[in-house]
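Undergrad: Structure provided below as structure tokens; questions to follow.
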Amino acid sequence: MKKALKTLLYTEWLNFKTEKSLLLFALLILLAGGYGIYSGRAEIQRQRANISHLDTLYQDNIAELKAKYPDTADAGDIGYYHAVFATHMPDSWAALSVGQRDANPYYLKLRLVAVHNQLYSSENTNPDKLATGSFDLAFVLVFLLPLFIIAICFNLFSAEKERGTLALVLSQPISLSTFLLGKLLFRFGLVVLLVALLIAAGVLFTGAQADGRVLIWLSATTLYSMFWFGVCYAFIVLKKSSAFNAICLLGVWLLLTIIAPAVINVVSQISQPVTEGMALTLKQREEVHAGWDKPKDETFKRFFAHYPQYRNTSPVTGRFAWKWYFAFQELGDRSVESLYQTYLSKLQSRAELANRLCMVSAPATLQVLLNAAGGTDLQSHLGFVQSARQFHHRLKAYYYPFLFTDKPFLHADYDGEPRHIYQARSDAAAINMAMLTLLAITIIVFVIATIIQCFTTSELK
């Protein structure tokens, strides 16, 4: 059998060099992968450029305020008119799997006012673009690689039968199982080679850090390829026509890559509804707006319950004072704290449910894994939002001593203002879970294919 396999593999290599369709398919997947790498790199470069430009905007804002207040300033004026930025820096692998970075904001403009309305602001984005996702290397591997595998495998048995060469093959001292195995092994080796070339090119072209994630990507896509070879083999051993195999395999691709992820998204939204977001926004706005009409003594009494260190601040005698304004802004945030925690918890639960449901779809599982490896998944975004909220606490801790001790704000005080950069990082737990799921799905598919083969062995001989 070993000698027969070597002969088959060599024969397949000769056929590959002369078979224009195989060469064309291989060239197309390489071109698609190359464009995916370029497109993903361009998107992340655009985001990095925008993040770099934020520092210029920040410094320009400080220069304007220094010109407006040439000597000293009330810290309330600075806190209200001065904007700082919370930034979500992409990981070096983000260009290969952009994930949700094109759907969620990667920077937030923050002022000292109530924070929750500021946490969920984002740029307007074309919904059609979000529906299709970014055309990156992950897109090519998840969506287009299975089509390539189907194209080179759907007629392995049926073509021999339809051309009338099957009897000639079986007249040789080789079993049909060995014959099909040799064809599949050659094609599997070709796919792994192409995938390895694309990953290597992606790492080199995008500057991704050559760490353990190279092995993770290669292992995951190899498992994913094995899954689709198992699916193809399950239909091959049914000994149907090429047209039947092609239609059924394309149907499976459509089901697993398009329909299943959409169903997973709908089921997770229905099973884990998150209604607190709107309630949180409305309640905070109502609390802040009502602050204008409440007695100042009542506002300060509630504020000092959270910040007793400022009880000795000078009283507000006029109609308006920044310390009073920011006090009821603070109370607006405090009023929705429990809603925010519930909202965050439900978002986490929904994301975890969606990840668990992905086990019914190998493409969805691979997408989860690649996004987690590049720090471009929902968990990374939620981590960024939480870090931005903590950053806002640091801003308040910096400005409140100026406000509530009536200390003037000097030009030199801008230098002490806190800054924020959140670095995206891979999620090891999500990667491990997705890898185990891919392994389990692949084993199940091969078990099913083996059972089908056992039932059809006598007819294939």
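A note on labels: chains of the structure tokens are A, B, ... as shown, every chain counts residues from 1, and ligands are counted from 1 in their shown order.
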Excluding range 246-260 of chain A and any residue of its chain fewer than 6 positions from it, enumerate the residues within 12 Å of it, using only C-alpha atoms, and give them as a ChimeraX atom specification.
TA: /A:131-132,139-156,158-159,227-236,238,240,266-267,354,357-367
Undergrad: Can you list, as an MDAnalysis selection string, every protein, DNA or RNA residue that comes within 10 Å of Gly383 in chain A when you count only C-alpha atoms, leaving out same-chain residues fewer than 6 positions away?
TA: chainID A and resid 88 389 422:424
Undergrad: What's the 8 Å shell around Ala428 in chain A, counting only C-alpha atoms, without same-chain residues fewer than 2 positions away, as a list in words?
TA: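 Answer for this query is Ala372, Ala373, Ser426, Ala430, Ile431 and Asn432 of chain A.
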Undergrad: If you measure from CA of Val316 in chain A to CA of Ala412 in chain A, what distance in Å do you get, rounded to one decimal?
TA: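 So the answer is 27.2 Å.
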Undergrad: Give me, as JSON lines, the closest atom pair and its distance (Å, one decimal) for every residue of range 197-308 of chain A within a cut-off of 7 Å of range 28-47 of chain A, counting only C-alpha atoms, rows sorted by chain and rising number.
TA:
{"residue": "A:Leu198", "atom": "CA", "partner": "A:Gly33", "partner_atom": "CA", "distance": 6.3}
{"residue": "A:Gly202", "atom": "CA", "partner": "A:Ile37", "partner_atom": "CA", "distance": 5.7}
{"residue": "A:Thr206", "atom": "CA", "partner": "A:Arg41", "partner_atom": "CA", "distance": 5.8}
Undergrad: To one decimal place in Å, what is the distance between CA of Met433 in chain A and CA of Ala210 in chain A?
TA: 22.2 Å
Undergrad: Which residue is closest to Tyr398 in chain A? Choose from A:Arg419, A:Leu119, A:Lys346, A:Ala67 and count only C-alpha atoms.
TA: A:Arg419
Undergrad: Give the answer as one residue: which of A:Val113, A:Met226, A:Val274, A:Ala305 has the shortest atom-to-atom distance to Gln348 in chain A, using only C-alpha atoms?
TA: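 Closest to Gln348 in chain A of all the choices is A:Val274.
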Undergrad: Closest to Gly291 in chain A among A:Asn117, A:Thr456, A:Ser335, A:Gln209, using only C-alpha atoms?
TA: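 Counting only C-alpha atoms, the residue closest to Gly291 in chain A is A:Ser335.
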Undergrad: Please measure the separation of CA of Pro408 in chain A and CA of Gly332 in chain A, giving the value in Å to one decimal.
TA: 25.7 Å
Undergrad: Considering only C-alpha atoms, can you say which of A:Phe188, A:Leu369, A:Ala200, A:Ala49 comes closest to Thr222 in chain A?
TA: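 Result for the nearest residue to Thr222 in chain A: A:Phe188.
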Undergrad: Neighbours of Phe391 in chain A within 9 Å (only C-alpha atoms; same-chain residues fewer than 6 positions away dropped), as number ranges by chain?
TA: A: 86, 418-420
Undergrad: Write the residues you've just listed into a file as a compact mmCIF listing (two decimals), in the first residue's frame, and include C-alpha atoms for each of them.
TA:
# COMPACT_ATOMS: atom_id res chain seq x y z
CA ALA A 86 -9.21 56.60 25.05
CA PRO A 418 -3.69 61.06 32.68
CA ARG A 419 -3.55 59.46 29.22
CA HIS A 420 -5.02 56.20 28.02
Undergrad: Contacts of range 71-82 of chain A at 6 Å or less, counting only C-alpha atoms, minus same-chain residues fewer than 5 places along, as a VMD selection string?
TA: chain A and resid 112 322 402 to 403 408 to 410
Undergrad: Go ahead and write the selection's residues with C-alpha atoms as a short mmCIF file (atom, residue, chain, number, x, y, z; two decimals), in the first residue's frame.
TA:
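For reference, part19.cif as written:
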data_model
loop_
_atom_site.label_atom_id
_atom_site.label_comp_id
_atom_site.auth_asym_id
_atom_site.auth_seq_id
_atom_site.Cartn_x
_atom_site.Cartn_y
_atom_site.Cartn_z
CA LEU A 112 -15.24 65.19 32.39
CA TRP A 322 -18.75 74.20 37.93
CA PHE A 402 -8.94 71.41 41.51
CA LEU A 403 -12.72 71.80 41.43
CA PRO A 408 -6.65 77.37 39.88
CA PHE A 409 -5.67 75.30 36.87
CA LEU A 410 -2.28 76.32 35.43
#
Undergrad: Write down as an MDAnalysis selection string the residues belonging to range 235-428 of chain A that are assigned alpha helix (DSSP H) by DSSP computed on the backbone.
TA: chainID A and resid 235:236 242:254 260:271 276:290 296:306 322:335 337:357 362:374 378:404 428
